[in-house]
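upload.cif, holding mmCIF, C-alpha atoms:
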data_my_file
loop_
_atom_site.label_atom_id
_atom_site.label_comp_id
_atom_site.auth_asym_id
_atom_site.auth_seq_id
_atom_site.Cartn_x
_atom_site.Cartn_y
_atom_site.Cartn_z
CA MET A 254 57.19 263.08 143.19
CA ASN A 255 56.58 259.90 141.20
CA HIS A 256 53.74 260.20 138.71
CA TYR A 257 51.80 257.29 140.19
CA LEU A 258 51.57 259.18 143.47
CA GLU A 259 50.17 262.23 141.72
CA MET A 260 47.55 260.27 139.79
CA SER A 261 46.30 257.84 142.41
CA HIS A 262 44.15 260.16 144.48
CA GLU A 263 41.58 261.62 142.13
CA GLU A 264 40.33 260.69 138.68
CA GLY A 265 42.18 262.75 136.12
CA GLY A 266 44.92 263.63 138.58
CA SER A 267 43.65 267.15 139.17
CA ALA A 268 44.24 267.21 142.92
CA GLU A 269 47.48 267.00 144.86
CA PRO A 270 47.20 264.10 147.32
CA ASP A 271 47.89 264.90 150.94
CA TRP A 272 50.95 263.49 152.65
CA LEU A 273 49.00 260.77 154.48
CA THR A 274 47.56 259.52 151.19
CA ILE A 275 51.02 259.45 149.61
CA ILE A 276 52.30 257.27 152.45
CA ALA A 277 49.24 255.00 152.49
CA VAL A 278 49.20 254.41 148.72
CA GLN A 279 52.78 253.18 148.90
CA TYR A 280 52.29 251.13 152.05
CA PHE A 281 49.33 249.18 150.70
CA GLN A 282 51.22 248.39 147.48
CA THR A 283 54.16 247.24 149.63
CA VAL A 284 56.56 249.59 147.87
CA PRO A 285 60.09 248.60 148.97
CA LEU A 286 61.30 250.96 151.68
CA ARG A 287 64.42 251.74 149.63
CA CYS A 288 62.09 253.11 146.92
CA PHE A 289 59.63 254.78 149.28
CA VAL A 290 58.93 258.42 148.41
CA TRP A 291 58.45 260.38 151.61
CA PRO A 292 56.19 263.38 150.88
CA GLN A 293 57.83 266.76 150.61
CA ASN A 294 54.99 268.21 152.67
CA LEU A 295 55.46 265.67 155.46
CA PRO A 296 55.53 267.64 158.72
CA TYR A 297 59.14 268.26 159.76
CA LYS A 298 58.56 267.31 163.37
CA LEU A 299 56.94 263.89 163.60
CA ASP A 300 55.24 264.48 166.93
CA VAL A 301 52.93 261.96 168.59
CA PRO A 302 49.71 263.08 166.81
CA ILE A 303 51.47 262.82 163.44
CA GLN A 304 52.79 259.33 164.25
CA ASP A 305 49.33 258.22 165.34
CA ALA A 306 47.81 259.63 162.14
CA ILE A 307 50.25 257.61 160.01
CA LEU A 308 49.42 254.48 161.99
CA ARG A 309 45.64 255.03 161.65
CA THR A 310 45.99 255.51 157.89
CA THR A 311 48.11 252.42 157.30
CA VAL A 312 48.66 249.51 159.68
CA GLN A 313 45.66 250.19 161.90
CA SER A 314 43.25 251.42 159.23
CA GLU A 315 40.22 249.29 158.40
CA LEU A 316 41.92 248.15 155.20
CA GLY A 317 45.22 247.52 156.98
CA LYS A 318 43.64 245.37 159.66
CA ARG A 319 41.41 243.36 157.35
CA TYR A 320 43.78 242.92 154.40
CA SER A 321 47.24 243.52 155.78
CA PRO A 322 50.44 243.37 153.74
CA GLU A 323 53.09 240.80 154.61
CA ALA A 324 53.86 241.11 158.35
CA SER A 325 57.59 241.53 157.76
CA TYR A 326 56.87 244.45 155.43
CA SER A 327 54.62 246.18 157.96
CA LEU A 328 57.33 245.68 160.56
CA ARG A 329 59.97 247.31 158.36
CA PHE A 330 57.57 250.14 157.55
CA LEU A 331 56.95 250.96 161.21
CA LYS A 332 60.67 250.70 161.94
CA ALA A 333 61.30 253.29 159.21
CA ILE A 334 58.75 255.61 160.83
CA LEU A 335 60.40 255.19 164.23
CA GLU A 336 63.80 255.97 162.73
CA LYS A 337 62.42 259.15 161.19
CA VAL A 338 61.00 260.11 164.58
CA ASP A 339 64.41 259.56 166.17
CA ALA A 340 66.00 261.77 163.52
CA THR A 341 63.70 264.66 164.46
CA GLY A 342 64.25 264.22 168.20
CA GLU A 343 60.55 263.74 168.91
CA GLU A 344 59.04 261.44 171.51
CA HIS A 345 57.79 258.06 170.29
CA SER A 346 54.05 257.46 170.23
CA GLU A 347 53.18 254.71 172.70
CA VAL A 348 50.52 253.44 170.31
CA LEU A 349 53.04 253.24 167.47
CA LEU A 350 55.60 251.49 169.66
CA GLU A 351 53.01 248.97 170.82
CA ALA A 352 51.98 248.23 167.23
CA TYR A 353 55.64 247.72 166.31
CA LEU A 354 56.24 245.35 169.22
CA VAL A 355 53.11 243.33 168.40
CA LEU A 356 54.28 242.89 164.81
CA LEU A 357 57.79 242.03 165.99
CA SER A 358 56.44 239.36 168.32
CA SER A 359 54.17 237.97 165.61
CA ALA A 360 56.96 237.81 163.03
CA SER A 361 59.31 236.14 165.52
CA GLY A 362 56.64 233.60 166.42
CA ASP A 363 56.06 232.71 162.78
CA LYS A 364 59.78 232.10 162.29
CA LEU A 365 59.99 229.88 165.36
CA THR A 366 56.95 227.79 164.46
CA GLY A 367 57.61 227.75 160.74
CA ASP A 368 54.12 229.10 160.09
CA LEU A 369 54.25 230.79 156.69
CA SER A 370 50.53 230.45 155.97
CA ARG A 371 49.52 233.98 156.96
CA ALA A 372 47.73 235.62 154.02
CA CYS A 373 49.41 238.66 152.46
CA TYR A 374 47.59 241.33 150.51
CA LYS A 375 48.43 244.15 148.13
CA SER A 376 45.99 247.00 147.58
CA TYR A 377 46.23 249.04 144.40
CA PRO A 378 44.82 252.60 144.16
CA LEU A 379 42.09 253.15 141.59
CA PRO A 380 40.79 256.35 139.98
CA THR A 381 37.75 257.71 141.74
CA LYS A 382 35.52 260.77 141.85
CA ILE A 383 35.10 260.61 145.60
CA SER A 384 37.45 262.23 148.10
CA SER A 385 38.85 259.07 149.68
CA THR A 386 41.19 256.66 147.92
CA VAL A 387 39.60 253.49 146.52
CA TYR A 388 41.70 250.33 146.48
CA LEU A 389 41.63 247.07 144.57
CA THR A 390 42.79 244.46 147.09
CA LEU A 391 44.39 241.20 146.00
CA HIS A 392 45.54 238.21 148.00
CA GLU A 393 48.99 237.69 146.48
CA GLU A 394 52.08 235.69 147.28
CA PRO A 395 55.21 237.70 148.07
CA LEU A 396 57.33 235.51 145.78
CA LYS A 397 57.03 235.63 141.99
CA ILE A 398 56.99 231.84 141.77
CA SER A 399 54.96 230.19 144.52
CA GLN A 400 53.18 226.85 144.90
CA GLY A 401 54.54 225.77 141.53
CA THR A 402 53.01 228.63 139.54
CA THR A 403 53.68 232.22 138.50
CA GLY A 404 49.99 233.10 138.72
CA LEU A 405 49.67 234.07 142.37
CA CYS A 406 51.08 237.59 142.07
CA THR A 407 50.67 240.60 139.79
CA TRP A 408 53.25 241.16 137.05
CA GLU A 409 54.45 244.35 135.39
CA ALA A 410 52.60 243.98 132.09
CA ALA A 411 49.23 243.73 133.85
CA LEU A 412 49.93 246.99 135.68
CA ARG A 413 50.93 248.89 132.54
CA PHE A 414 48.02 247.48 130.51
CA ALA A 415 45.56 248.44 133.26
CA GLU A 416 46.97 251.98 133.28
CA TYR A 417 46.51 252.18 129.51
CA LEU A 418 42.86 251.14 129.79
CA VAL A 419 42.21 253.58 132.63
CA TYR A 420 43.85 256.67 131.16
CA ALA A 421 44.18 256.19 127.40
CA ALA A 422 41.48 253.81 126.17
CA PRO A 423 38.53 253.30 128.54
CA GLU A 424 36.29 252.89 125.48
CA VAL A 425 37.93 249.52 124.83
CA ILE A 426 36.31 248.26 128.02
CA GLN A 427 33.22 250.25 128.94
CA GLY A 428 29.96 248.43 128.28
CA ARG A 429 31.70 245.47 126.63
CA ARG A 430 32.12 241.77 127.36
CA ILE A 431 35.70 240.91 128.35
CA LEU A 432 37.50 237.56 128.41
CA GLU A 433 40.91 237.38 130.09
CA LEU A 434 43.34 234.56 129.36
CA GLY A 435 45.86 233.62 132.06
CA ALA A 436 44.26 235.97 134.58
CA GLY A 437 46.61 235.10 137.46
CA ALA A 438 45.81 237.13 140.58
CA GLY A 439 43.10 239.02 138.69
CA LEU A 440 44.19 242.66 138.65
CA LEU A 441 43.65 243.30 134.93
CA GLY A 442 40.20 241.73 134.75
CA LEU A 443 39.03 243.41 137.94
CA VAL A 444 40.21 246.78 136.64
CA CYS A 445 38.20 246.09 133.47
CA LEU A 446 35.11 245.50 135.58
CA TYR A 447 35.81 248.58 137.69
CA MET A 448 36.11 250.67 134.53
CA GLY A 449 32.64 249.69 133.31
CA ALA A 450 32.82 246.39 131.43
CA SER A 451 29.42 244.71 131.22
CA THR A 452 30.82 241.24 131.89
CA VAL A 453 34.28 239.89 132.66
CA GLU A 454 35.29 236.24 132.50
CA LEU A 455 38.60 235.47 134.20
CA THR A 456 40.27 232.25 133.05
CA ASP A 457 43.34 230.27 133.98
CA ALA A 458 44.48 226.65 133.87
CA ASP A 459 45.93 226.18 137.35
CA GLU A 460 43.47 225.05 140.03
CA GLY A 461 45.24 226.97 142.79
CA VAL A 462 45.18 230.14 140.71
CA LEU A 463 41.46 229.68 140.01
CA GLU A 464 40.73 229.42 143.73
CA ARG A 465 42.75 232.57 144.38
CA LEU A 466 40.91 234.36 141.56
CA LYS A 467 37.57 233.52 143.15
CA GLU A 468 38.79 234.85 146.48
CA ASN A 469 40.00 238.11 144.93
CA VAL A 470 36.72 238.56 143.08
CA ASP A 471 34.83 238.12 146.36
CA ILE A 472 37.05 240.69 148.10
CA ASN A 473 36.40 243.39 145.50
CA SER A 474 32.96 242.74 144.03
CA GLN A 475 30.96 245.04 146.33
CA ALA A 476 33.32 248.00 145.86
CA ILE A 477 33.09 247.57 142.10
CA ILE A 478 29.29 247.43 142.17
CA ASP A 479 29.27 250.61 144.27
CA ARG A 480 31.57 252.29 141.75
CA ILE A 481 29.32 251.33 138.82
CA ALA A 482 26.21 252.63 140.60
CA ARG A 483 27.93 255.91 141.45
CA ASP A 484 29.89 256.76 138.32
CA PHE A 485 28.23 255.15 135.28
CA GLU A 486 24.86 256.47 134.19
CA GLY A 487 22.67 253.85 132.56
CA LEU A 488 24.45 250.91 134.17
CA GLN A 489 22.88 251.18 137.62
CA ASN A 490 20.02 248.87 136.63
CA ASN A 491 22.35 246.44 134.86
CA PRO A 492 25.05 245.54 137.36
CA PRO A 493 28.19 244.01 135.87
CA ASN A 494 28.86 240.32 136.01
CA ILE A 495 32.18 238.62 136.69
CA SER A 496 32.96 234.92 136.58
CA VAL A 497 35.94 232.62 136.95
CA SER A 498 36.42 229.52 134.81
CA LYS A 499 39.09 227.09 133.71
CA LEU A 500 40.62 227.44 130.26
CA ASP A 501 43.66 225.32 129.41
CA TRP A 502 45.14 226.44 126.10
CA GLU A 503 46.73 223.04 125.51
CA SER A 504 43.54 221.00 125.80
CA VAL A 505 40.66 223.35 125.00
CA GLU A 506 37.94 222.18 122.59
CA PHE A 507 36.59 224.37 119.80
CA ASP A 508 33.05 224.26 121.23
CA ASP A 509 34.41 225.64 124.49
CA ILE A 510 36.03 228.53 122.64
CA ALA A 511 32.93 229.27 120.57
CA SER A 512 30.75 229.37 123.69
CA ARG A 513 32.70 232.26 125.21
CA ASN A 514 30.79 235.16 123.73
CA ALA A 515 33.24 237.95 124.54
CA GLU A 516 33.85 241.06 122.48
CA VAL A 517 37.37 241.74 123.74
CA ILE A 518 40.07 239.23 124.69
CA VAL A 519 42.81 240.52 126.99
CA CYS A 520 45.90 238.94 128.50
CA ALA A 521 49.03 240.15 130.23
CA ASP A 522 52.41 238.55 130.93
CA VAL A 523 51.44 235.27 129.31
CA VAL A 524 54.31 235.31 126.77
CA TYR A 525 57.35 234.06 128.66
CA ASP A 526 57.67 230.35 127.87
CA PRO A 527 58.27 229.45 124.19
CA ILE A 528 56.54 226.10 124.75
CA LEU A 529 53.25 227.90 125.49
CA ILE A 530 53.36 230.19 122.46
CA PRO A 531 51.80 227.74 119.93
CA PRO A 532 48.75 226.83 122.08
CA LEU A 533 48.28 230.45 123.17
CA THR A 534 48.31 231.85 119.64
CA SER A 535 46.09 229.01 118.43
CA VAL A 536 43.49 229.84 121.09
CA LEU A 537 43.79 233.56 120.30
CA GLY A 538 43.25 232.85 116.60
CA SER A 539 40.20 230.70 117.27
CA LEU A 540 38.70 233.27 119.65
CA LEU A 541 39.30 236.20 117.32
CA ARG A 542 37.98 234.35 114.30
CA THR A 543 34.77 233.22 116.01
CA PRO A 544 32.07 235.82 115.24
CA CYS A 545 30.81 237.75 118.23
CA HIS A 546 27.03 238.06 118.28
CA VAL A 547 26.83 240.74 120.97
CA HIS A 548 25.45 244.00 119.57
CA ASN A 549 26.28 242.76 116.04
CA THR A 550 29.87 243.86 116.43
CA GLY A 551 31.21 241.13 114.16
CA PHE A 552 34.68 239.80 114.87
CA ARG A 553 36.34 240.24 118.20
CA GLU A 554 39.49 242.13 119.08
CA GLY A 555 42.38 241.11 121.29
CA TRP A 556 45.01 242.81 123.41
CA VAL A 557 48.23 241.26 124.68
CA ALA A 558 50.63 242.98 127.07
CA LEU A 559 54.01 241.36 127.56
CA THR A 560 57.25 242.18 129.30
CA MET A 561 60.22 242.15 126.92
CA ARG A 562 62.46 239.67 128.71
CA GLN A 563 63.94 237.81 125.75
CA GLU A 564 63.91 239.30 122.25
CA GLN A 565 63.95 235.80 120.77
CA THR A 566 60.76 234.84 122.63
CA TYR A 567 59.06 238.06 121.54
CA GLN A 568 59.96 237.50 117.89
CA GLU A 569 58.75 233.90 118.06
CA PHE A 570 55.43 235.15 119.43
CA LEU A 571 55.08 237.59 116.53
CA ARG A 572 55.83 234.81 114.03
CA ALA A 573 53.24 232.58 115.71
CA LEU A 574 50.65 235.35 115.41
CA ALA A 575 51.39 235.58 111.69
CA ARG A 576 51.06 231.80 111.27
CA ASN A 577 47.61 232.05 112.84
CA ARG A 578 46.71 234.96 110.51
CA ILE A 579 46.48 237.43 113.36
CA ARG A 580 47.36 241.05 112.65
CA TYR A 581 49.03 243.03 115.39
CA GLU A 582 49.70 246.70 116.00
CA ARG A 583 51.99 247.82 118.78
CA VAL A 584 50.53 250.58 120.95
CA ARG A 585 52.72 253.16 122.66
CA LEU A 586 52.73 253.17 126.44
CA ASP A 587 55.40 255.78 127.12
CA CYS A 588 52.87 258.64 127.36
CA VAL A 589 50.44 256.80 129.64
CA PRO A 590 50.47 258.11 133.25
CA GLU A 591 51.44 255.72 136.02
CA LEU A 592 48.71 254.78 138.44
CA PHE A 593 50.64 252.05 140.27
CA TYR A 594 54.12 251.55 141.66
CA HIS A 595 56.49 249.88 139.19
CA GLU A 596 59.60 247.93 140.05
CA ASP A 597 62.91 249.01 138.57
CA ASN A 598 64.71 247.03 135.88
CA VAL A 599 61.86 244.70 134.95
CA GLY A 600 62.05 245.31 131.22
CA GLU A 601 59.98 247.22 128.70
CA VAL A 602 56.31 246.32 128.32
CA ALA A 603 54.91 245.89 124.81
CA LEU A 604 51.16 246.21 124.21
CA LEU A 605 49.78 244.64 121.03
CA HIS A 606 46.31 245.17 119.56
CA LEU A 607 45.18 242.04 117.72
CA THR A 608 42.69 241.51 114.90
CA VAL A 609 42.21 238.63 112.49
CA ALA A 610 43.83 239.06 109.11
CA ASP A 611 40.75 237.88 107.23
CA SER A 612 38.19 240.06 109.05
#
For the file at hand, write its structure as structure tokens.
Amino acid sequence: MNHYLEMSHEEGGSAEPDWLTIIAVQYFQTVPLRCFVWPQNLPYKLDVPIQDAILRTTVQSELGKRYSPEASYSLRFLKAILEKVDATGEEHSEVLLEAYLVLLSSASGDKLTGDLSRACYKSYPLPTKISSTVYLTLHEEPLKISQGTTGLCTWEAALRFAEYLVYAAPEVIQGRRILELGAGAGLLGLVCLYMGASTVELTDADEGVLERLKENVDINSQAIIDRIARDFEGLQNNPPNISVSKLDWESVEFDDIASRNAEVIVCADVVYDPILIPPLTSVLGSLLRTPCHVHNTGFREGWVALTMRQEQTYQEFLRALARNRIRYERVRLDCVPELFYHEDNVGEVALLHLTVADS
């Protein structure tokens, strides 16, 4: 079984998730069916009650109905279930067949009318002390580049960085003020809030991304507040705060930087275009060098997670950090458990811890 399936059900990974949870966790993350891990303890004979249970836990669950994955994905998922039923010689559930036909009709109608506006969601499992799985739900685009931006979906470095914070370094986040640069769909910043940050400010430059960030914050804010009240002693009377604001690295003023009183600056998958490296590292240098007056902690610290796509781009980023007198230390990620599904062949993720050279 993949490690992310073992770890997603209970904080610390001490419990083996049941077969319905294993299926649901993958469905809500829209794991490609070719990569789908069917549980070893899945009942051999997929009789009607078993089929209905799968349907109730996925497509027709409260989460599945309110924040459904892309319709074509749900259709392929149900088709895979029906094929498994055929392989066992069991009778098809009428409820499952009806759900499949409804999705088929809907998908066909969208193709005929050209309506591609239907919202698609991904829901990521989060560590929890309660028995049921808790999800972070994001409105994302199915394509990596959509509406002229790369910021409307979650990228690999954000997933790996979030896993590091959850399992290896929660102290980086808990009780601290976080500023995220290039927040995109918002997964990293929302995980920071979920893990006990006192405040999180999500920033981006694209207006469409900012609107999507606000939507994703609204979707998840109540679940996060409930988590804080349940799992963090001393924070119940001081609920966390999350905000969304515009920050354009290429046109930001120093006063704007100085006003952002964060203790920790985080960013993920923002190092991909060499043209953006100078303004990004300049903003990072200014933020890190501006004293933080919260709890008298002095200078701030930064964290950058990036996918190693081009070695030349990575080396240019490191040189730009040096020019801005920013020290970096690469942190190992190979021993960090996987909480989320990860695509194959996306490249290694590097995580850098940043401090100012003159602090």
Rank nothing, just name the residue among A:Ala515, A:Ala410, A:Ala422, A:Leu391 nearest to Ser474 (chain A), using all atoms listed in the file.
->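 For Ser474 (chain A), the nearest of the given residues is A:Leu391.
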Find the residues near Phe593 (chain A): any atom within 12 Å, counting only C-alpha atoms, skip ones fewer than 2 places away on the same chain, and give them as JSON, numbers by chain.
-> {"A": [255, 256, 257, 258, 259, 260, 261, 262, 275, 278, 279, 280, 281, 282, 283, 284, 375, 376, 377, 378, 379, 380, 388, 389, 407, 408, 409, 410, 411, 412, 413, 414, 415, 416, 417, 419, 440, 589, 590, 591, 595, 596]}
Select, counting all atoms listed in the file, all protein, DNA and RNA residues no farther than 12 Å from (42.4, 252.3, 158.5) in file coordinates, and express the selection as number ranges by chain.
-> A: 273-274, 277, 280-281, 305-321, 385-386
Measure the distance from CA of Leu541 (chain A) to CA of Arg553 (chain A) in Å and round it to one decimal.
->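 Separating CA of Leu541 (chain A) from CA of Arg553 (chain A) is a distance of 5.1 Å.
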Please write the residues picked by the PyMOL selection byres ((chain A and resi 454-460) around 10) on this file as a PyMOL selection string.
-> chain A and resi 401-404+430-439+441-443+446+452-453+461-467+470+494-504+513-515+518-520
Between CA of Glu601 (chain A) and CA of Leu559 (chain A), what is the spacing in Å?
->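 That distance, rounded to one decimal, is 8.4 Å.
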Using all atoms listed in the file, find the one residue out of A:Leu349, A:Ala333, A:Ile276, A:Val609 that sits nearest to Val301 (chain A).
->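 Closest to Val301 (chain A) of all the choices is A:Leu349.
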For the provided coordinates, the residues matched by the PyMOL selection byres ((chain A and resi 449) around 6) should be stated as a compact mmCIF listing (two decimals) with C-alpha atoms, keeping the file's coordinate frame.
# COMPACT_ATOMS: atom_id res chain seq x y z
CA GLN A 427 33.22 250.25 128.94
CA GLY A 428 29.96 248.43 128.28
CA LEU A 446 35.11 245.50 135.58
CA TYR A 447 35.81 248.58 137.69
CA MET A 448 36.11 250.67 134.53
CA ALA A 450 32.82 246.39 131.43
Mind pulling up the distance from CA of Arg542 (chain A) to CA of Leu418 (chain A)?
->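 Computing the Euclidean distance for CA of Leu418 (chain A) and CA of Arg542 (chain A) yields 23.4 Å.
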At most 9 Å from (53.9, 232.1, 122.2), file frame, all atoms listed in the file: which residues, as a list in words?
->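 I get Val523, Val524, Tyr525, Asp526, Pro527, Ile528, Leu529, Ile530, Pro531, Pro532, Leu533, Thr534, Thr566, Tyr567, Glu569, Phe570, Leu571, Arg572, Ala573 and Leu574 of chain A for the residues within 9 Å of that point.
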Which residue gives the smallest distance to Glu343 (chain A) among A:Val584, A:Leu604, A:Ile303, A:Leu356, with all atoms listed in the file counted?
->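 The shortest atom-to-atom distance to Glu343 (chain A) comes from A:Ile303.
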